[in-house]
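Raw final-v2.cif, mmCIF, C-alpha atoms:
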data_protein
loop_
_atom_site.label_atom_id
_atom_site.label_comp_id
_atom_site.auth_asym_id
_atom_site.auth_seq_id
_atom_site.Cartn_x
_atom_site.Cartn_y
_atom_site.Cartn_z
CA MET A 1 61.72 -63.48 26.45
CA VAL A 2 60.64 -61.38 23.49
CA PRO A 3 60.08 -57.74 24.58
CA GLU A 4 56.57 -56.39 24.24
CA VAL A 5 56.47 -53.79 21.49
CA TYR A 6 53.49 -51.78 20.23
CA VAL A 7 53.79 -50.43 16.72
CA PRO A 8 51.08 -47.96 15.62
CA ALA A 9 49.51 -49.35 12.47
CA HIS A 10 48.07 -46.10 11.17
CA GLY A 11 49.76 -43.47 13.29
CA GLY A 12 47.76 -41.51 15.84
CA ASN A 13 47.28 -38.32 17.79
CA TYR A 14 49.38 -37.90 20.91
CA THR A 15 49.97 -35.30 23.59
CA PHE A 16 53.59 -36.27 24.29
CA VAL A 17 56.28 -38.11 22.29
CA ALA A 18 59.78 -39.16 23.40
CA ALA A 19 62.58 -41.16 21.81
CA GLY A 20 65.21 -43.39 23.40
CA PHE A 21 68.23 -45.04 21.77
CA ARG A 22 66.33 -47.84 20.00
CA HIS A 23 62.70 -47.21 20.87
CA ALA A 24 60.10 -44.47 21.13
CA CYS A 25 56.97 -43.93 23.21
CA ALA A 26 54.00 -41.61 23.07
CA ILE A 27 51.10 -40.63 25.31
CA SER A 28 47.65 -40.59 23.77
CA PHE A 29 44.90 -38.13 24.64
CA ASP A 30 43.46 -40.50 27.24
CA GLY A 31 46.83 -40.74 29.04
CA SER A 32 47.72 -44.28 27.94
CA LEU A 33 51.21 -45.27 26.73
CA HIS A 34 52.14 -46.59 23.28
CA CYS A 35 55.68 -47.69 22.45
CA TRP A 36 57.41 -49.13 19.40
CA GLY A 37 60.92 -50.14 18.38
CA ASP A 38 63.49 -52.29 20.19
CA MET A 39 62.20 -51.74 23.71
CA GLU A 40 62.86 -53.88 26.77
CA GLY A 41 60.41 -54.44 29.63
CA GLU A 42 56.65 -54.21 29.84
CA ILE A 43 54.72 -50.99 29.42
CA PRO A 44 53.07 -49.96 32.72
CA GLN A 45 49.35 -49.34 32.88
CA GLY A 46 47.88 -46.07 33.99
CA ARG A 47 47.51 -42.49 32.85
CA PHE A 48 50.62 -40.43 32.24
CA PHE A 49 51.52 -36.97 31.00
CA SER A 50 55.32 -37.06 30.61
CA LEU A 51 58.06 -39.48 29.50
CA ALA A 52 61.83 -39.91 29.88
CA LEU A 53 63.50 -42.55 27.69
CA GLY A 54 67.11 -43.65 28.08
CA GLU A 55 69.24 -46.51 26.85
CA ASN A 56 67.11 -49.67 27.21
CA ARG A 57 65.31 -47.94 30.06
CA SER A 58 62.15 -45.85 30.33
CA CYS A 59 60.22 -43.88 32.92
CA ALA A 60 56.76 -42.28 32.80
CA LEU A 61 55.27 -39.60 35.05
CA GLY A 62 51.66 -40.31 35.99
CA TYR A 63 48.85 -37.95 36.84
CA ASP A 64 49.25 -38.95 40.47
CA ARG A 65 52.74 -37.36 40.24
CA ARG A 66 54.44 -40.72 40.82
CA VAL A 67 57.05 -42.16 38.45
CA LEU A 68 56.93 -45.70 37.03
CA CYS A 69 60.02 -47.15 35.34
CA TRP A 70 60.72 -50.26 33.24
CA GLY A 71 63.56 -51.63 31.11
CA SER A 72 66.53 -53.97 30.96
CA ASN A 73 67.61 -55.97 34.02
CA ASN A 74 64.17 -55.43 35.62
CA PHE A 75 64.74 -51.72 35.93
CA ILE A 76 62.19 -50.08 38.25
CA MET A 77 61.84 -46.90 40.24
CA PRO A 78 63.98 -47.12 43.40
CA PRO A 79 61.74 -48.05 46.37
CA ARG A 80 62.85 -44.98 48.36
CA LEU A 81 61.49 -42.73 45.61
CA GLN A 82 58.31 -44.59 44.67
CA ASP A 83 56.14 -42.40 46.92
CA THR A 84 57.84 -39.13 45.91
CA PHE A 85 55.81 -36.71 43.83
CA PHE A 86 57.50 -35.15 40.81
CA GLU A 87 56.64 -32.29 38.45
CA SER A 88 58.86 -33.29 35.53
CA ILE A 89 61.42 -35.95 34.56
CA VAL A 90 64.32 -36.25 32.08
CA ALA A 91 66.73 -39.03 31.03
CA LYS A 92 70.28 -39.35 29.72
CA ARG A 93 71.45 -42.87 28.84
CA SER A 94 71.00 -44.78 32.12
CA VAL A 95 70.47 -41.77 34.42
CA PHE A 96 67.02 -40.34 35.20
CA CYS A 97 66.24 -37.14 37.10
CA GLY A 98 63.09 -35.42 38.28
CA VAL A 99 61.99 -32.19 39.97
CA VAL A 100 60.27 -32.83 43.31
CA SER A 101 56.84 -31.20 43.68
CA SER A 102 57.21 -30.22 47.34
CA ASN A 103 60.46 -28.22 47.19
CA ASN A 104 61.61 -28.11 43.52
CA SER A 105 64.77 -30.03 44.37
CA LEU A 106 66.34 -32.28 41.71
CA LEU A 107 66.64 -36.01 42.50
CA CYS A 108 68.36 -38.53 40.23
CA TRP A 109 68.41 -42.34 40.01
CA GLY A 110 69.52 -45.15 37.70
CA SER A 111 73.18 -45.20 38.76
CA GLU A 112 74.95 -46.48 41.86
CA PHE A 113 76.36 -43.00 42.33
CA PHE A 114 72.90 -41.71 43.27
CA GLU A 115 72.05 -44.54 45.69
CA SER A 116 73.48 -42.64 48.66
CA ASN A 117 73.02 -39.04 47.39
CA ALA A 118 69.95 -38.72 45.22
CA LYS A 119 69.65 -34.93 45.60
CA VAL A 120 71.66 -33.02 43.01
CA PHE A 121 70.26 -29.47 43.31
CA ASP A 122 68.09 -27.76 45.91
CA ASP A 123 66.05 -25.48 43.64
CA VAL A 124 65.27 -26.26 39.99
CA LEU A 125 62.59 -24.95 37.66
CA PRO A 126 60.13 -27.76 36.89
CA GLY A 127 59.48 -26.31 33.44
CA PRO A 128 59.89 -23.26 31.22
CA CYS A 129 58.39 -19.92 32.20
CA ARG A 130 55.50 -18.90 29.94
CA SER A 131 53.10 -16.00 29.66
CA GLN A 132 49.95 -18.16 29.33
CA CYS A 133 48.96 -21.73 30.21
CA PRO A 134 46.07 -23.65 28.59
CA CYS A 135 45.46 -25.69 31.77
CA GLY A 136 46.45 -23.13 34.40
CA PRO A 137 49.68 -22.32 36.25
CA LEU A 138 51.65 -24.63 38.46
CA LEU A 139 51.06 -23.97 42.15
CA ASN A 140 53.47 -21.37 43.56
CA SER A 141 55.29 -21.14 40.22
CA ALA A 142 54.94 -17.35 39.99
CA LYS A 143 57.78 -16.90 42.48
CA LEU A 144 60.09 -18.98 40.26
CA CYS A 145 59.65 -16.83 37.12
CA PRO A 146 60.06 -13.14 36.38
CA SER A 147 56.71 -11.38 36.57
CA PRO A 148 54.23 -11.92 35.00
CA ASP A 149 55.40 -15.31 33.62
CA ILE A 150 54.37 -18.62 35.18
CA ILE A 151 55.07 -22.33 34.79
CA CYS A 152 52.27 -24.39 33.26
CA GLN A 153 50.84 -27.42 34.94
CA PRO A 154 50.11 -30.46 32.73
CA CYS A 155 46.59 -30.86 31.45
CA SER A 156 44.41 -33.58 32.94
CA PRO A 157 43.25 -36.53 30.74
CA GLN A 158 39.80 -34.92 30.40
CA VAL A 159 41.29 -31.73 29.00
CA ALA A 160 43.68 -33.69 26.78
CA GLN A 161 40.91 -35.54 24.97
CA SER A 162 40.89 -32.85 22.26
CA PRO A 163 43.94 -31.22 20.65
CA PRO A 164 45.05 -28.11 22.53
CA GLN A 165 43.95 -24.84 20.98
CA PRO A 166 45.99 -21.64 21.03
CA PRO A 167 44.90 -19.24 23.79
CA ASN A 168 42.54 -16.48 22.82
CA ASN A 169 44.30 -13.19 23.36
CA ASN A 170 41.61 -10.53 23.48
CA THR A 171 44.23 -7.81 23.58
CA GLY A 172 45.70 -8.77 20.19
CA TRP A 173 44.88 -7.36 16.78
CA SER A 174 42.61 -9.53 14.65
CA ARG A 175 42.63 -9.39 10.86
CA LYS A 176 39.28 -7.60 10.84
CA MET A 177 40.58 -4.92 13.20
CA VAL A 178 43.68 -4.42 11.05
CA ALA A 179 41.48 -4.11 7.93
CA PHE A 180 39.27 -1.49 9.60
CA LEU A 181 42.36 0.40 10.71
CA VAL A 182 43.83 0.45 7.19
CA VAL A 183 40.53 1.53 5.60
CA GLY A 184 40.08 4.25 8.20
CA CYS A 185 43.59 5.62 7.65
CA VAL A 186 43.15 5.66 3.85
CA GLY A 187 39.75 7.35 4.16
CA CYS A 188 41.04 10.04 6.51
CA SER A 189 44.05 10.70 4.27
CA SER A 190 41.82 11.06 1.20
CA LEU A 191 39.49 13.44 3.05
CA LEU A 192 42.42 15.61 4.15
CA LEU A 193 43.78 15.75 0.60
CA VAL A 194 40.39 16.83 -0.80
CA MET A 195 40.00 19.51 1.87
CA ALA A 196 43.52 20.79 1.20
CA PHE A 197 42.80 20.96 -2.55
CA PHE A 198 39.61 23.01 -2.13
CA LEU A 199 41.31 25.27 0.43
CA TYR A 200 44.10 25.94 -2.05
CA ARG A 201 41.59 26.71 -4.79
CA TYR A 202 39.67 29.07 -2.51
CA CYS A 203 42.77 30.97 -1.38
CA ASN A 204 44.09 31.18 -4.95
CA SER A 205 40.78 32.57 -6.26
CA ASN A 206 40.77 35.23 -3.52
CA ARG A 207 44.26 36.35 -4.48
CA ARG A 208 43.26 36.64 -8.11
CA ALA A 209 40.19 38.69 -7.22
CA SER A 210 42.27 41.11 -5.12
CA ARG A 211 44.41 42.38 -8.04
CA VAL A 212 44.10 43.34 -11.69
CA HIS A 213 45.52 40.70 -14.04
CA ASP A 214 47.36 41.09 -17.29
CA SER A 215 44.27 39.51 -18.85
CA ASP A 216 42.53 42.92 -18.77
CA ARG A 217 43.17 43.43 -22.46
CA LEU A 218 42.93 46.67 -24.40
CA ASP A 219 41.46 45.09 -27.52
CA GLY A 220 37.91 45.06 -26.23
CA SER A 221 37.81 41.32 -25.50
CA GLN A 222 37.46 42.12 -21.78
CA PRO A 223 36.30 45.33 -20.06
CA VAL A 224 39.04 47.80 -19.11
CA SER A 225 39.02 48.88 -15.48
CA ARG A 226 38.19 52.46 -14.61
CA VAL A 227 41.64 52.92 -13.12
CA LEU A 228 43.26 52.02 -16.44
CA GLN A 229 40.93 54.36 -18.33
CA LYS A 230 41.95 57.27 -16.09
CA ARG A 231 45.63 56.47 -16.56
CA LEU A 232 45.28 56.23 -20.34
CA SER A 233 43.56 59.61 -20.39
CA HIS A 234 46.41 61.03 -18.38
CA VAL A 235 48.99 59.60 -20.79
CA ILE A 236 47.16 61.14 -23.78
CA SER A 237 47.02 64.52 -22.05
CA MET A 238 50.80 64.39 -21.56
CA GLY A 239 51.33 64.25 -25.31
CA ASN A 240 51.17 68.10 -25.53
CA GLY A 241 49.24 67.94 -28.78
CA SER A 242 51.85 65.76 -30.57
CA PRO A 243 50.30 63.03 -32.69
CA LEU A 244 50.06 59.58 -31.11
CA GLU A 245 50.34 56.57 -33.34
CA GLU A 246 48.02 53.66 -32.57
CA PHE A 247 49.02 50.02 -32.82
CA SER A 248 46.95 46.92 -32.37
CA LEU A 249 47.49 44.70 -29.36
CA GLU A 250 48.58 41.87 -31.64
CA THR A 251 51.36 44.07 -33.04
CA LEU A 252 52.52 45.07 -29.55
CA LEU A 253 52.51 41.47 -28.39
CA GLN A 254 54.54 40.45 -31.45
CA VAL A 255 57.26 43.07 -31.17
CA THR A 256 57.60 42.61 -27.38
CA ASP A 257 57.46 38.80 -27.46
CA ASN A 258 54.26 38.90 -25.43
CA PHE A 259 55.74 41.52 -23.07
CA SER A 260 58.56 39.23 -22.08
CA GLU A 261 60.99 40.05 -19.30
CA ASP A 262 63.83 40.20 -21.83
CA LYS A 263 62.17 43.21 -23.53
CA ARG A 264 61.44 45.13 -20.33
CA ILE A 265 63.84 48.02 -19.79
CA GLY A 266 62.27 49.76 -16.80
CA ILE A 267 59.29 50.39 -14.59
CA GLY A 268 57.48 53.73 -14.54
CA SER A 269 54.78 55.22 -12.39
CA PHE A 270 52.02 53.77 -14.62
CA GLY A 271 53.55 50.45 -15.52
CA SER A 272 56.48 48.71 -17.19
CA VAL A 273 58.44 50.07 -20.23
CA TYR A 274 59.43 47.67 -23.01
CA TYR A 275 61.91 48.10 -25.85
CA ALA A 276 60.76 46.99 -29.34
CA THR A 277 61.63 47.38 -33.04
CA LEU A 278 58.71 47.85 -35.42
CA GLU A 279 58.39 46.28 -38.86
CA ASP A 280 59.69 49.47 -40.54
CA GLY A 281 62.83 49.37 -38.37
CA LYS A 282 61.75 52.11 -36.01
CA GLU A 283 62.91 51.58 -32.43
CA VAL A 284 60.30 52.48 -29.89
CA ALA A 285 59.64 52.29 -26.15
CA ILE A 286 56.28 50.89 -25.21
CA LYS A 287 54.77 51.62 -21.84
CA ARG A 288 52.28 49.07 -20.66
CA ALA A 289 49.76 50.58 -18.28
CA GLU A 290 49.19 48.38 -15.24
CA ALA A 291 46.98 48.61 -12.21
CA SER A 292 48.01 47.42 -8.74
CA SER A 293 46.10 46.79 -5.56
CA SER A 294 47.19 50.19 -4.28
CA SER A 295 45.16 51.91 -7.04
CA TYR A 296 41.78 50.96 -5.54
#
Could you write out this structure as structure tokens?
Amino acid sequence: MVPEVYVPAHGGNYTFVAAGFRHACAISFDGSLHCWGDMEGEIPQGRFFSLALGENRSCALGYDRRVLCWGSNNFIMPPRLQDTFFESIVAKRSVFCGVVSSNNSLLCWGSEFFESNAKVFDDVLPGPCRSQCPCGPLLNSAKLCPSPDIICQPCSPQVAQSPPQPPNNNTGWSRKMVAFLVVGCVGCSSLLLVMAFFLYRYCNSNRRASRVHDSDRLDGSQPVSRVLQKRLSHVISMGNGSPLEEFSLETLLQVTDNFSEDKRIGIGSFGSVYYATLEDGKEVAIKRAEASSSSY
């Protein structure tokens, strides 16, 4: 007898795909089975949501939670297990196992070893623990997983008619929210920088206004403060009638290198004293009258 094999001509969309040793099967969105390759036995009819393929043997888990098997040597589900409800099934070569819905125990079949002792484990997880399930959690699965994870139940054929979509997590960050966050951070940073700049300018201008600068020149380009005028008059009166020689500000700036620190030799009561050598070779001491905030 030639085995019945279905080969998809143009591929398809499936909710579940499994591979055996020489054949493969898939479940379409309406729950029907499609198999191709070197498969033995006839494909059962019905609606299924899970598969387990072994070596020349296959089993499918239907939406009624019963398992149907087919394969070489008229392989079928053992009669003692045909009315048992399962949550999931797996296969390895000729051995098949499934998790029982009522107590989560693990039963196996397909080998003479399991004829007298089908139960292998008393408590087995019927599936992986997940944080979200598109078709809802498996009944009483919360106690099997660490909180708040659950085990997902398979989707019904009606839900499986369209490809599953990723769950909508309202607590996540969308691209639009991230963009608004970035723009807001950049805007706030720019505003803080501008405010800091104007604050610096304001404080700096107040400091300049609170003291007399070296820009109060004696050449008439800017008005001389009254404090400086009084001090100059005092200096002239201290000359005891000796002649005072006048020099232009340009000359004083030239011979003192613009009143550099290297030329300063001391600080008097009216200002700093600078050492200089005139063009005729005469060495002189130049006192630069200065006003401080304490003079007001």
- Query: Just so the selection is clear, what residues does the PyMOL selection byres ((chain A and resi 123) around 8) cover here, as a list in words?
  - Reply: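 What the PyMOL selection byres ((chain A and resi 123) around 8) grabs from the file is Asn103, Asn104, Ser105, Leu106, Phe121, Asp122, Val124 and Leu125 of chain A.
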Okay, now the selection with C-alpha atoms, as a compact mmCIF listing (two decimals), in the coordinates of the input?
# COMPACT_ATOMS: atom_id res chain seq x y z
CA ASN A 103 60.46 -28.22 47.19
CA ASN A 104 61.61 -28.11 43.52
CA SER A 105 64.77 -30.03 44.37
CA LEU A 106 66.34 -32.28 41.71
CA PHE A 121 70.26 -29.47 43.31
CA ASP A 122 68.09 -27.76 45.91
CA VAL A 124 65.27 -26.26 39.99
CA LEU A 125 62.59 -24.95 37.66
- Query: What does the distance from CA of Glu290 in chain A to CA of Thr277 in chain A come to in Å, to one decimal?
  - Reply: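 That distance, rounded to one decimal, is 21.7 Å.
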- Considering only C-alpha atoms, state which residue in the set A:Ser88, A:Ser131, A:Ser58, A:Ser32 is at the smallest distance from Tyr14 in chain A.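 Under the stated criterion, the closest residue is A:Ser32.
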The PyMOL selection byres ((chain A and resi 44) around 10) - which residues does that actually catch in the file I just gave you? List them as a PDB file with C-alpha atoms, in the frame of the given file.
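part-v4.pdb, freshly written:
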ATOM      1  CA  SER A  32      47.720 -44.280  27.940  1.00  0.00           C
ATOM      2  CA  LEU A  33      51.210 -45.270  26.730  1.00  0.00           C
ATOM      3  CA  GLY A  41      60.410 -54.440  29.630  1.00  0.00           C
ATOM      4  CA  GLU A  42      56.650 -54.210  29.840  1.00  0.00           C
ATOM      5  CA  ILE A  43      54.720 -50.990  29.420  1.00  0.00           C
ATOM      6  CA  GLN A  45      49.350 -49.340  32.880  1.00  0.00           C
ATOM      7  CA  GLY A  46      47.880 -46.070  33.990  1.00  0.00           C
ATOM      8  CA  ARG A  47      47.510 -42.490  32.850  1.00  0.00           C
ATOM      9  CA  PHE A  48      50.620 -40.430  32.240  1.00  0.00           C
ATOM     10  CA  CYS A  59      60.220 -43.880  32.920  1.00  0.00           C
ATOM     11  CA  ALA A  60      56.760 -42.280  32.800  1.00  0.00           C
ATOM     12  CA  LEU A  68      56.930 -45.700  37.030  1.00  0.00           C
ATOM     13  CA  CYS A  69      60.020 -47.150  35.340  1.00  0.00           C
ATOM     14  CA  TRP A  70      60.720 -50.260  33.240  1.00  0.00           C
TER      15      TRP A  70
END
- Item | Selection result of the PyMOL selection byres ((chain A and resi 278-285) around 12) on this file, as an NGL selection string | :A and (245 or 247 or 251-256 or 259 or 263-268 or 272-277 or 286-288)
- Query: Do you have the CA of Gly20 in chain A-CA of Cys129 in chain A distance handy?
  - Reply: 26.0 Å
- For Met39 in chain A, please output as a PyMOL selection string all residues within 9 Å (counting all atoms listed in the file; exclusion window: fewer than 2 positions along the same chain). chain A and resi 3-5+20+22-24+35-37+41-42+56-58+71-72
How would the residues just picked look written out with C-alpha atoms as a PDB file, in the coordinates of the input?
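See part01.pdb below for the written result:
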ATOM      1  CA  PRO A   3      60.080 -57.740  24.580  1.00  0.00           C
ATOM      2  CA  GLU A   4      56.570 -56.390  24.240  1.00  0.00           C
ATOM      3  CA  VAL A   5      56.470 -53.790  21.490  1.00  0.00           C
ATOM      4  CA  GLY A  20      65.210 -43.390  23.400  1.00  0.00           C
ATOM      5  CA  ARG A  22      66.330 -47.840  20.000  1.00  0.00           C
ATOM      6  CA  HIS A  23      62.700 -47.210  20.870  1.00  0.00           C
ATOM      7  CA  ALA A  24      60.100 -44.470  21.130  1.00  0.00           C
ATOM      8  CA  CYS A  35      55.680 -47.690  22.450  1.00  0.00           C
ATOM      9  CA  TRP A  36      57.410 -49.130  19.400  1.00  0.00           C
ATOM     10  CA  GLY A  37      60.920 -50.140  18.380  1.00  0.00           C
ATOM     11  CA  GLY A  41      60.410 -54.440  29.630  1.00  0.00           C
ATOM     12  CA  GLU A  42      56.650 -54.210  29.840  1.00  0.00           C
ATOM     13  CA  ASN A  56      67.110 -49.670  27.210  1.00  0.00           C
ATOM     14  CA  ARG A  57      65.310 -47.940  30.060  1.00  0.00           C
ATOM     15  CA  SER A  58      62.150 -45.850  30.330  1.00  0.00           C
ATOM     16  CA  GLY A  71      63.560 -51.630  31.110  1.00  0.00           C
ATOM     17  CA  SER A  72      66.530 -53.970  30.960  1.00  0.00           C
TER      18      SER A  72
END
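The gap separating CA of Ser174 in chain A from CA of Cys145 in chain A is 29.1 Å, in Å to one decimal.
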